[in-house]
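Asker: Please find one structure pasted underneath; my questions will follow.
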Amino acid sequence: MTARPILLDCDTGIDDALAILDFTARGGEVLAVGSVHGNVPAPIGARNTLRVLEIAGAEDVPVCVGAARPLAQPLLTAEHVHGQDGLGNTNQPSPRRPVGEGSAAEQIVRLAHARPGEFTLVAIGPLTNLALALLLDPELARLIPEVIIMGGAVGVAGNVSPTAEANIWHDPEAAQLVIEADWKVTLVTLDATMQALLTPTDLEAIQGATGERARFAWAILDHYLTVYQQWLPGRTCPLHDPLALALVLDPDLATYRTLPTQVELRGLATRGATVCDLRTDPASPSPEPGWRMVRYLDQLDVERFRALFVAGITAG
Ligand code: BDR
Ligand code: CA
């Protein structure tokens, strides 16, 4: 089965960049991209995305700037993880083309009406643009069959608080709006992405490859690997965003389970947590308002995912 094209929402970001490079190298089709605050401010995310699309040979893909801040909390960015420029302080040249007209949320609405049912919406940053698009057009969810999101943590620790993963934590209200909408949502959580760690052999393969994609990947990885040395043993890093995009191309990299879910909006220590009702039979959603059935990865074929990723990054 051929994968549907995607509309991508991202906060590029080192692992966002790696995700775009791998997805495009392996034949994935990107219709358009929106940037959002998160790893860096949204205009920088858009600029980085344009640069990455140049490396990927996808200069025809439009990029719109999205939300400058979350719906209900101040802007907080993560340059300490992704570098001051969001691309590991690699001092990239300015992109050759400008961003598109209109906002990322408007772009989602426009494309959903132009191509109803035809694309998968993939979010690898905070969910503000998706929430704004839902607020702009109450019919939106009917036009988009599937939404894949890198975000959340269920049975593992968060990465910005004891319980919250960054993409949800950056805008919990937006995340809850997106989960509550009437479309099929898959959350690719830290439970899965923290299993998907690059090995020394993978890193050697990327370092040794001579294509432009691999050279760019190697340059931005250096910073990411150094940052992750604080948290992980050895020189490695998780492939959060690449896993979400890889699942568009190969959904059978994982098995899935569906759980009643809502985002914690009020907890003092738990704001931004993805709370799952693990008590219930997955076939019978909790009746209370706010809970929605969300799909999660159950078993992930980590070896196959890593092999595909390395093949993508080192191709060409
Ligand atoms: C997510 O947060 C960002 O730092 C990464 O780009 C990824 O989307 C991981 O929690
Ligand atoms: Ca991201």
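Residues in the structure tokens are numbered from 1 in each chain, the chains being A, B, ... in the order shown, and ligands are numbered from 1 in the order shown.
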Around ligand 1, at most 8 Å away and counting only C-alpha atoms and all ligand atoms, which residues are there? Put them as a list in words, please.
Answerer: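 Selection of residues at most 8 Å from ligand 1: Cys10, Asp11, Thr12, Gly13, Ile14, Asp15, Asp16, Gly38, Asn39, Ala78, Val81, His82, Ile124, Gly125, Pro126, Met150, Gly151, Gly152, Asn159, Val160, Glu165, Ala166, Asn167, Leu190, His240 and Asp241 of chain A.
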Asker: Any idea what's packed within 9 Å of Asp182 (chain A), counting only C-alpha atoms, ignoring anything in its chain fewer than 3 positions away? Could you give it as JSON, numbers by chain?
Answerer: {"A": [140, 141, 142, 178, 179, 185]}
Asker: Output N, CA and C atoms of each residue in that selection to a file, as a tab-separated table (two decimals), in the first residue's frame.
Answerer:
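Output saved as again_15.tsv:
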chain	number	residue	atom	x	y	z
A	140	LEU	N	-13.27	20.55	10.20
A	140	LEU	CA	-11.94	20.11	9.76
A	140	LEU	C	-11.70	18.62	9.97
A	141	ALA	N	-12.03	18.12	11.16
A	141	ALA	CA	-11.71	16.73	11.49
A	141	ALA	C	-12.33	15.74	10.51
A	142	ARG	N	-13.47	16.12	9.95
A	142	ARG	CA	-14.17	15.26	8.99
A	142	ARG	C	-13.37	15.12	7.68
A	178	VAL	N	-6.97	18.91	20.26
A	178	VAL	CA	-6.66	18.02	19.12
A	178	VAL	C	-7.09	16.59	19.42
A	179	ILE	N	-6.86	16.16	20.65
A	179	ILE	CA	-7.26	14.79	21.03
A	179	ILE	C	-8.77	14.64	21.02
A	185	VAL	N	-6.51	9.68	16.01
A	185	VAL	CA	-5.22	10.21	16.49
A	185	VAL	C	-4.32	9.07	16.96
Asker: For Leu18 (chain A), list every protein, DNA or RNA residue within 8 Å, evaluated using only C-alpha atoms, and leave out those in the same chain fewer than 6 positions away; present the list as a list in words.
Answerer: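 Answer for this query is Ala217, Asp241, Pro242 and Ile313 of chain A.
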Asker: Would you list the contacts of region 265-274 of chain A as a list in words, taking every protein, DNA or RNA residue within 7 Å and counting only C-alpha atoms, but skipping same-chain residues closer than 5 positions in sequence?
Answerer: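 That gives Gly152, Ala153, Val154, Thr163, Ala164, Ile168, Trp169, Pro172 and Glu173 of chain A.
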Asker: Could you tell me, as a VMD selection string, which residues of region 29-106 of chain A DSSP assigns to strand (DSSP E) when given the backbone?
Answerer: chain A and resid 30 to 35 63 to 65
Asker: Take the residues from that selection and put them in a file with N, CA, C and O atoms, as a PDB file, in the first residue's frame.
Answerer:
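And here is the file that came out, again-v2.pdb:
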ATOM      1  N   VAL A  30       5.614  15.228   0.879  1.00  0.00           N
ATOM      2  CA  VAL A  30       5.184  16.301   1.784  1.00  0.00           C
ATOM      3  C   VAL A  30       4.445  17.347   0.953  1.00  0.00           C
ATOM      4  O   VAL A  30       5.023  17.949   0.053  1.00  0.00           O
ATOM      5  N   LEU A  31       3.162  17.576   1.269  1.00  0.00           N
ATOM      6  CA  LEU A  31       2.376  18.554   0.503  1.00  0.00           C
ATOM      7  C   LEU A  31       2.733  19.976   0.896  1.00  0.00           C
ATOM      8  O   LEU A  31       2.788  20.878   0.060  1.00  0.00           O
ATOM      9  N   ALA A  32       2.913  20.173   2.193  1.00  0.00           N
ATOM     10  CA  ALA A  32       3.192  21.511   2.721  1.00  0.00           C
ATOM     11  C   ALA A  32       3.631  21.347   4.167  1.00  0.00           C
ATOM     12  O   ALA A  32       3.419  20.302   4.778  1.00  0.00           O
ATOM     13  N   VAL A  33       4.243  22.418   4.702  1.00  0.00           N
ATOM     14  CA  VAL A  33       4.714  22.381   6.084  1.00  0.00           C
ATOM     15  C   VAL A  33       4.268  23.656   6.803  1.00  0.00           C
ATOM     16  O   VAL A  33       4.238  24.737   6.208  1.00  0.00           O
ATOM     17  N   GLY A  34       3.914  23.509   8.084  1.00  0.00           N
ATOM     18  CA  GLY A  34       3.680  24.662   8.947  1.00  0.00           C
ATOM     19  C   GLY A  34       4.673  24.621  10.085  1.00  0.00           C
ATOM     20  O   GLY A  34       5.023  23.540  10.561  1.00  0.00           O
ATOM     21  N   SER A  35       5.141  25.796  10.505  1.00  0.00           N
ATOM     22  CA  SER A  35       6.053  25.811  11.657  1.00  0.00           C
ATOM     23  C   SER A  35       5.288  26.291  12.880  1.00  0.00           C
ATOM     24  O   SER A  35       4.283  27.005  12.767  1.00  0.00           O
ATOM     25  N   VAL A  63       6.164  26.394   2.854  1.00  0.00           N
ATOM     26  CA  VAL A  63       6.313  26.424   4.320  1.00  0.00           C
ATOM     27  C   VAL A  63       5.658  27.699   4.840  1.00  0.00           C
ATOM     28  O   VAL A  63       6.040  28.799   4.437  1.00  0.00           O
ATOM     29  N   CYS A  64       4.673  27.559   5.721  1.00  0.00           N
ATOM     30  CA  CYS A  64       4.026  28.728   6.334  1.00  0.00           C
ATOM     31  C   CYS A  64       4.428  28.828   7.800  1.00  0.00           C
ATOM     32  O   CYS A  64       4.569  27.813   8.478  1.00  0.00           O
ATOM     33  N   VAL A  65       4.555  30.049   8.286  1.00  0.00           N
ATOM     34  CA  VAL A  65       4.846  30.262   9.708  1.00  0.00           C
ATOM     35  C   VAL A  65       3.543  30.100  10.487  1.00  0.00           C
ATOM     36  O   VAL A  65       2.484  30.536  10.040  1.00  0.00           O
TER      37      VAL A  65
END
Asker: Give me, as a PyMOL selection string, all polymer residues having an atom no more than 9 Å from region 314-316 of chain A, counting only C-alpha atoms and skipping those fewer than 2 positions away in the same chain.
Answerer: chain A and resi 22+25-26+205-215+309-312
Asker: Save the residues we just selected, N, CA and C atoms, as an mmCIF file, in the first residue's frame?
Answerer:
data_model
loop_
_atom_site.group_PDB
_atom_site.id
_atom_site.type_symbol
_atom_site.label_atom_id
_atom_site.label_comp_id
_atom_site.auth_asym_id
_atom_site.auth_seq_id
_atom_site.Cartn_x
_atom_site.Cartn_y
_atom_site.Cartn_z
ATOM 1 N N ASP A 22 14.941 11.978 6.344
ATOM 2 C CA ASP A 22 14.707 10.542 6.171
ATOM 3 C C ASP A 22 13.431 10.286 5.367
ATOM 4 N N ALA A 25 13.845 11.162 1.715
ATOM 5 C CA ALA A 25 14.802 10.251 1.056
ATOM 6 C C ALA A 25 14.143 8.926 0.712
ATOM 7 N N ARG A 26 13.181 8.523 1.512
ATOM 8 C CA ARG A 26 12.552 7.207 1.309
ATOM 9 C C ARG A 26 11.231 7.311 0.555
ATOM 10 N N ALA A 205 27.956 4.788 10.268
ATOM 11 C CA ALA A 205 27.432 4.758 8.894
ATOM 12 C C ALA A 205 27.084 6.173 8.432
ATOM 13 N N ILE A 206 26.476 6.958 9.319
ATOM 14 C CA ILE A 206 26.091 8.330 8.929
ATOM 15 C C ILE A 206 27.348 9.176 8.740
ATOM 16 N N GLN A 207 28.288 9.025 9.663
ATOM 17 C CA GLN A 207 29.530 9.815 9.571
ATOM 18 C C GLN A 207 30.296 9.490 8.290
ATOM 19 N N GLY A 208 30.249 8.215 7.898
ATOM 20 C CA GLY A 208 31.039 7.776 6.741
ATOM 21 C C GLY A 208 30.382 8.066 5.403
ATOM 22 N N ALA A 209 29.105 8.405 5.409
ATOM 23 C CA ALA A 209 28.401 8.629 4.129
ATOM 24 C C ALA A 209 28.765 10.008 3.573
ATOM 25 N N THR A 210 28.752 10.103 2.241
ATOM 26 C CA THR A 210 29.274 11.327 1.626
ATOM 27 C C THR A 210 28.194 12.234 1.028
ATOM 28 N N GLY A 211 26.953 11.760 0.964
ATOM 29 C CA GLY A 211 25.886 12.575 0.367
ATOM 30 C C GLY A 211 25.619 13.825 1.200
ATOM 31 N N GLU A 212 24.952 14.815 0.571
ATOM 32 C CA GLU A 212 24.701 16.087 1.261
ATOM 33 C C GLU A 212 23.793 15.897 2.475
ATOM 34 N N ARG A 213 22.801 15.006 2.312
ATOM 35 C CA ARG A 213 21.869 14.725 3.401
ATOM 36 C C ARG A 213 22.611 14.193 4.638
ATOM 37 N N ALA A 214 23.485 13.222 4.405
ATOM 38 C CA ALA A 214 24.213 12.601 5.523
ATOM 39 C C ALA A 214 25.192 13.598 6.143
ATOM 40 N N ARG A 215 25.815 14.413 5.321
ATOM 41 C CA ARG A 215 26.783 15.382 5.876
ATOM 42 C C ARG A 215 26.062 16.406 6.749
ATOM 43 N N PHE A 309 15.964 4.056 8.883
ATOM 44 C CA PHE A 309 16.376 5.452 9.090
ATOM 45 C C PHE A 309 17.789 5.692 8.576
ATOM 46 N N VAL A 310 18.705 4.805 8.933
ATOM 47 C CA VAL A 310 20.104 4.975 8.495
ATOM 48 C C VAL A 310 20.190 4.887 6.971
ATOM 49 N N ALA A 311 19.408 3.964 6.399
ATOM 50 C CA ALA A 311 19.395 3.852 4.923
ATOM 51 C C ALA A 311 18.898 5.150 4.291
ATOM 52 N N GLY A 312 17.870 5.744 4.883
ATOM 53 C CA GLY A 312 17.318 6.991 4.344
ATOM 54 C C GLY A 312 18.322 8.128 4.432
#
Asker: Restricting the calculation to only C-alpha atoms, which member of A:Arg306, A:His37, A:His80, A:Arg110 is positioned closest to Thr199 (chain A)?
Answerer: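 Of A:Arg306, A:His37, A:His80, A:Arg110, the one nearest Thr199 (chain A) is A:Arg306, counting only C-alpha atoms.
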Asker: As a list of chain:residue names, please: the residues near Leu53 (chain A) (cut-off 9 Å, only C-alpha atoms, same-chain neighbours under 4 positions excluded).
Answerer: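 The contact residues come out as A:Ala17, A:Ile20, A:Leu21, A:Thr24, A:Asn48, A:Thr49, A:Gly57, A:Ala58, A:Glu59, A:Asp60, A:Val61.
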Asker: Take the residues from that selection and write them out as a PDB file, in the first residue's frame, keeping N, CA, C and O atoms.
Answerer:
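Here's the written file out17.pdb:
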ATOM      1  N   ALA A  17      14.455  17.988  11.743  1.00  0.00           N
ATOM      2  CA  ALA A  17      15.240  18.022  10.503  1.00  0.00           C
ATOM      3  C   ALA A  17      15.590  16.609  10.047  1.00  0.00           C
ATOM      4  O   ALA A  17      15.446  16.266   8.864  1.00  0.00           O
ATOM      5  N   ILE A  20      12.540  14.938   8.465  1.00  0.00           N
ATOM      6  CA  ILE A  20      12.235  15.402   7.102  1.00  0.00           C
ATOM      7  C   ILE A  20      13.228  14.789   6.111  1.00  0.00           C
ATOM      8  O   ILE A  20      12.846  14.329   5.025  1.00  0.00           O
ATOM      9  N   LEU A  21      14.493  14.756   6.495  1.00  0.00           N
ATOM     10  CA  LEU A  21      15.522  14.206   5.586  1.00  0.00           C
ATOM     11  C   LEU A  21      15.263  12.725   5.306  1.00  0.00           C
ATOM     12  O   LEU A  21      15.354  12.266   4.159  1.00  0.00           O
ATOM     13  N   THR A  24      11.748  12.154   3.216  1.00  0.00           N
ATOM     14  CA  THR A  24      11.821  12.520   1.793  1.00  0.00           C
ATOM     15  C   THR A  24      12.771  11.581   1.044  1.00  0.00           C
ATOM     16  O   THR A  24      12.525  11.225  -0.105  1.00  0.00           O
ATOM     17  N   ASN A  48      14.441  27.184   9.338  1.00  0.00           N
ATOM     18  CA  ASN A  48      15.180  25.911   9.392  1.00  0.00           C
ATOM     19  C   ASN A  48      14.550  24.864   8.479  1.00  0.00           C
ATOM     20  O   ASN A  48      15.250  24.086   7.818  1.00  0.00           O
ATOM     21  N   THR A  49      13.215  24.865   8.436  1.00  0.00           N
ATOM     22  CA  THR A  49      12.524  23.895   7.582  1.00  0.00           C
ATOM     23  C   THR A  49      12.842  24.157   6.114  1.00  0.00           C
ATOM     24  O   THR A  49      13.098  23.217   5.343  1.00  0.00           O
ATOM     25  N   GLY A  57      16.218  18.327  -1.336  1.00  0.00           N
ATOM     26  CA  GLY A  57      15.827  18.441  -2.746  1.00  0.00           C
ATOM     27  C   GLY A  57      14.321  18.599  -2.911  1.00  0.00           C
ATOM     28  O   GLY A  57      13.740  18.137  -3.889  1.00  0.00           O
ATOM     29  N   ALA A  58      13.686  19.240  -1.932  1.00  0.00           N
ATOM     30  CA  ALA A  58      12.225  19.399  -1.965  1.00  0.00           C
ATOM     31  C   ALA A  58      11.870  20.883  -1.873  1.00  0.00           C
ATOM     32  O   ALA A  58      11.071  21.299  -1.030  1.00  0.00           O
ATOM     33  N   GLU A  59      12.447  21.660  -2.761  1.00  0.00           N
ATOM     34  CA  GLU A  59      12.275  23.112  -2.684  1.00  0.00           C
ATOM     35  C   GLU A  59      10.926  23.604  -3.187  1.00  0.00           C
ATOM     36  O   GLU A  59      10.650  24.791  -3.159  1.00  0.00           O
ATOM     37  N   ASP A  60      10.110  22.670  -3.681  1.00  0.00           N
ATOM     38  CA  ASP A  60       8.772  23.080  -4.128  1.00  0.00           C
ATOM     39  C   ASP A  60       7.736  22.984  -3.002  1.00  0.00           C
ATOM     40  O   ASP A  60       6.572  23.332  -3.199  1.00  0.00           O
ATOM     41  N   VAL A  61       8.141  22.518  -1.836  1.00  0.00           N
ATOM     42  CA  VAL A  61       7.176  22.329  -0.740  1.00  0.00           C
ATOM     43  C   VAL A  61       6.977  23.657  -0.003  1.00  0.00           C
ATOM     44  O   VAL A  61       7.932  24.212   0.539  1.00  0.00           O
TER      45      VAL A  61
END
Asker: Can you pull out every residue from region 4-230 of chain A that DSSP, working from the backbone, puts in alpha helix (DSSP H), and format the result as a PyMOL selection string?
Answerer: chain A and resi 14-25+42-55+79-82+104-114+128-136+140-143+166-169+172-180+190-193+200-208+212-228
Asker: Which is closer to ligand 2 than all the others in A:His113, A:His170, A:Ala68, A:Gln92, using only C-alpha atoms and all ligand atoms?
Answerer: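 Among A:His113, A:His170, A:Ala68, A:Gln92, it is A:His170 that comes nearest to ligand 2.
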Asker: Would you mind telling me which residue in A:Leu136, A:Ala175, A:Val36, A:Leu232 lies nearest to ligand 2 when using only C-alpha atoms and all ligand atoms?
Answerer: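 Ranking A:Leu136, A:Ala175, A:Val36, A:Leu232 by distance to ligand 2, first place goes to A:Val36.
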Asker: Quick one: residues within 8 Å of Pro5 (chain A), only C-alpha atoms, excluding same-chain residues fewer than 4 positions away - as a list in words?
Answerer: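 Counting only the stated atoms, we get Gly28, Glu29, Val30, Leu31, Glu118, Phe119 and Thr120 of chain A.
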Asker: Give the answer as one residue: which of A:Ile220, A:Glu204, A:Arg4, A:Asp9 has the shortest atom-to-atom distance to ligand 2, using only C-alpha atoms and all ligand atoms?
Answerer: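 Ranked by minimum distance to ligand 2, first place goes to A:Asp9.
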Asker: Between CA of Val263 (chain A) and CA of Gln176 (chain A), what is the spacing in Å?
Answerer: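 Result for CA of Gln176 (chain A) versus CA of Val263 (chain A): 5.4 Å, one decimal.
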Asker: Mind giving me the straight-line distance from CA of Thr258 (chain A) to CA of Leu134 (chain A) in Å, one decimal?
Answerer: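 For CA of Thr258 (chain A) relative to CA of Leu134 (chain A), the distance reads 22.7 Å.
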Asker: So which one's closest to ligand 2, A:Ala105, A:Ala244, A:Leu300, A:Ala192? Using only C-alpha atoms and all ligand atoms, please.
Answerer: A:Ala244
